[in-house]
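Colleague: Let me begin by handing over the structure; questions about it come next.
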Amino acid sequence: MSSDAVADRSPHRPAPQPGGARVPLSVYVLGLAVFALGTSEFMLSGLLPPIAEDMDVSIPRAGLLISAFAIGMVVGAPLLAVATLRLPRRTTLITLISVFGVGQVAGALAPNYAVLFASRVVSALACAGFWAVGAAVAVAMVPVTARARALAIMIGGLSIANVLGVPAGAFLGEHFGWRSAFWAVAVASATALAGVAALVPAIPLPAERPRLGAEARIYREPQVWLSIAVVALAAGGVFCAFSYLAPLLTDVAGLDDGWVPTVLALFGVGALTGTAVGGRIADAHLFGVLLTGVAASTVLLVALALLASYAVAAVLLSFLLGVSAFYTAPALNARMFDVAGAAPTLAGATTTAAFNLGNTGGPWLGGTVIDAGFGFTSTAWAGGALTATAIGITAVSLRMHRRTGPSRIVETGTNPAKVPASA
């Protein structure tokens, strides 16, 4: 038995640090890993033409590589969470980031489309598992009063991936071939692997091994399902419009194609800004961040639909939409951990799956309204309808929270029991 396994089964946890304590360096290492994961997930949007040409497939078929990754995230998060439930957390993270890195190498060496497709599915499964377990580990390494801040650091890795990783992947693909982008992510994964192995501590598991039946009881909680709905709708609304931002900027706002990468980078800068601000506020004002952030996204989407023909407005609104969307992300994650405290790994997996449901369903809805002949601005109207629905569900969740108290399911011995969240 490894020393990691022994430590993970120890019943003794380190004493919680004061609420003002710094987030440990190991959480930043998890953010670095998420940077590699996020770059791989999103970089294909800028690599589809060369991949299609090299693999002798159509661009729509090459686009299935993106869909495969998203679906793999939705399916893989809960599956990997269940499969690794009784395994040491640190060992699980090391294994998953290693498998992800191997998937990038396989993609870089893929001789045909089928192998490349398979490498994306394997990478997505490992990515989903790492997100789920990594979020649970990040939460375990900080006091309850710093949960949102720790999760914001992980989400910040995704924001930086959009600002730096995705444009860098497009640059490498243009100048050195699309395979070079995969090699670059493989190197980033190896760096993250070294950081996880060196700096992430062993996280103690309960003295008694977790049981799936007990953990799955979180899904009996209405608040868990309300949280899933809010995450999926909030993410889906933003990505309904964001997925078609490029044609909206060129065909509606009248910008040259060369402006598109700049505006996408501005969205990423906004996302990084929103994550930093939201992560600091959400621990103290979780529902306030949720309601104001999702409401802001709704207003911005409506404004984008009305003002998209004005180039300056379209650029500014794209930046602000990045701020509002990721301002809520730490609170969305932290809320799930609040209502599913008995099963932190399943909580992380459920949040990951919900986000990717939105990231998959939002673009599908956007494509549907475009195909129906309503134009590119209709994606902002449709996205606004989704986020407006998310506001209503958040209000319902808040009302239940006030009526029943901040309760959640936590595990006491072998039997889950409902106790106040402050316990």
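Each chain in the structure tokens gets a letter, A, B, ..., in the order shown, and its residues are numbered from 1; ligands are numbered from 1 in order too.
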From the DSSP assignment of the backbone, select every residue of stretch 58-264 of chain A that is helix (DSSP H, G or I), and format the answer as a PyMOL selection string.

Modeller: chain A and resi 59-83+89-109+113-140+144-176+178-199+212-220+222-242+245-252+259-264

Colleague: With only C-alpha atoms as the counted atoms, please give the residues lying no more than 12 Å from stretch 108-116 of chain A, apart from itself and same-chain residues fewer than 2 positions off, as a ChimeraX atom specification.

Modeller: /A:40,44,51-58,61-66,68-69,101-106,118-123,173,177-187

Colleague: I'd like to know which of A:Leu266, A:Leu272, A:Ala314, A:Val139 is closest to A:Ala241, using only C-alpha atoms.

Modeller: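 Among the listed residues, A:Ala314 lies closest to A:Ala241.
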
Colleague: To one decimal in Å, tell me the separation between atom CA of A:Tyr244 and atom CA of A:Ala265.

Modeller: 14.9 Å

Colleague: What gap, in Å, lies between atom CA of A:Arg402 and atom CA of A:Ala146?

Modeller: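 Separating atom CA of A:Arg402 from atom CA of A:Ala146 is a distance of 22.1 Å.
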
Colleague: Can you tell me how far atom CA of A:Ala202 sits from atom CA of A:Arg89, in Å to one decimal?

Modeller: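 The value is 6.9 Å.
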
Colleague: Would you pick out the contacts of A:Ala152 at 8 Å or less, using only C-alpha atoms, so that residues sharing its chain but fewer than 3 positions from it are not included, and give the list as a ChimeraX atom specification?

Modeller: /A:148-149,155-156,275-276,278-279,329-330

Colleague: Taking into account only C-alpha atoms, which residue in the set A:Ala128, A:Leu47, A:Ile228, A:Ala33 is nearest to A:Met336?

Modeller: A:Ile228

Colleague: Closest to A:Val82 among A:Pro24, A:Gly348, A:Gly254, A:Gly38, using only C-alpha atoms?

Modeller: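 So, comparing all the options, the nearest one is A:Gly348.
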
Colleague: Would you please work out which residue, of A:Leu48, A:Val269, A:Leu87, A:Leu172, is nearest to A:Leu320 when using only C-alpha atoms?

Modeller: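 Closest to A:Leu320 of all the choices is A:Val269.
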
Colleague: Pick out the residues sitting within 12 Å of A:Trp131, and hand them over as a ChimeraX atom specification; count only C-alpha atoms, and ignore anything fewer than 5 positions along from it in its own chain.

Modeller: /A:30-38,73-74,76-78,80-81,92-93,96-97,100,124-126,136-138,151,154-155,157-158,333,344-353,355-356

Colleague: If we count only C-alpha atoms, what is near A:Ala395 at a cut-off of 12 Å, once residues fewer than 2 positions away on the same chain are taken out, given as a list in words?

Modeller: Gln223, Leu226, Ser227, Val230, Phe287, Gly288, Leu290, Leu291, Thr292, Val294, Ala295, Ala388, Thr389, Ala390, Ile391, Gly392, Ile393, Ser397, Leu398, Arg399, Met400, His401 and Arg402 of chain A
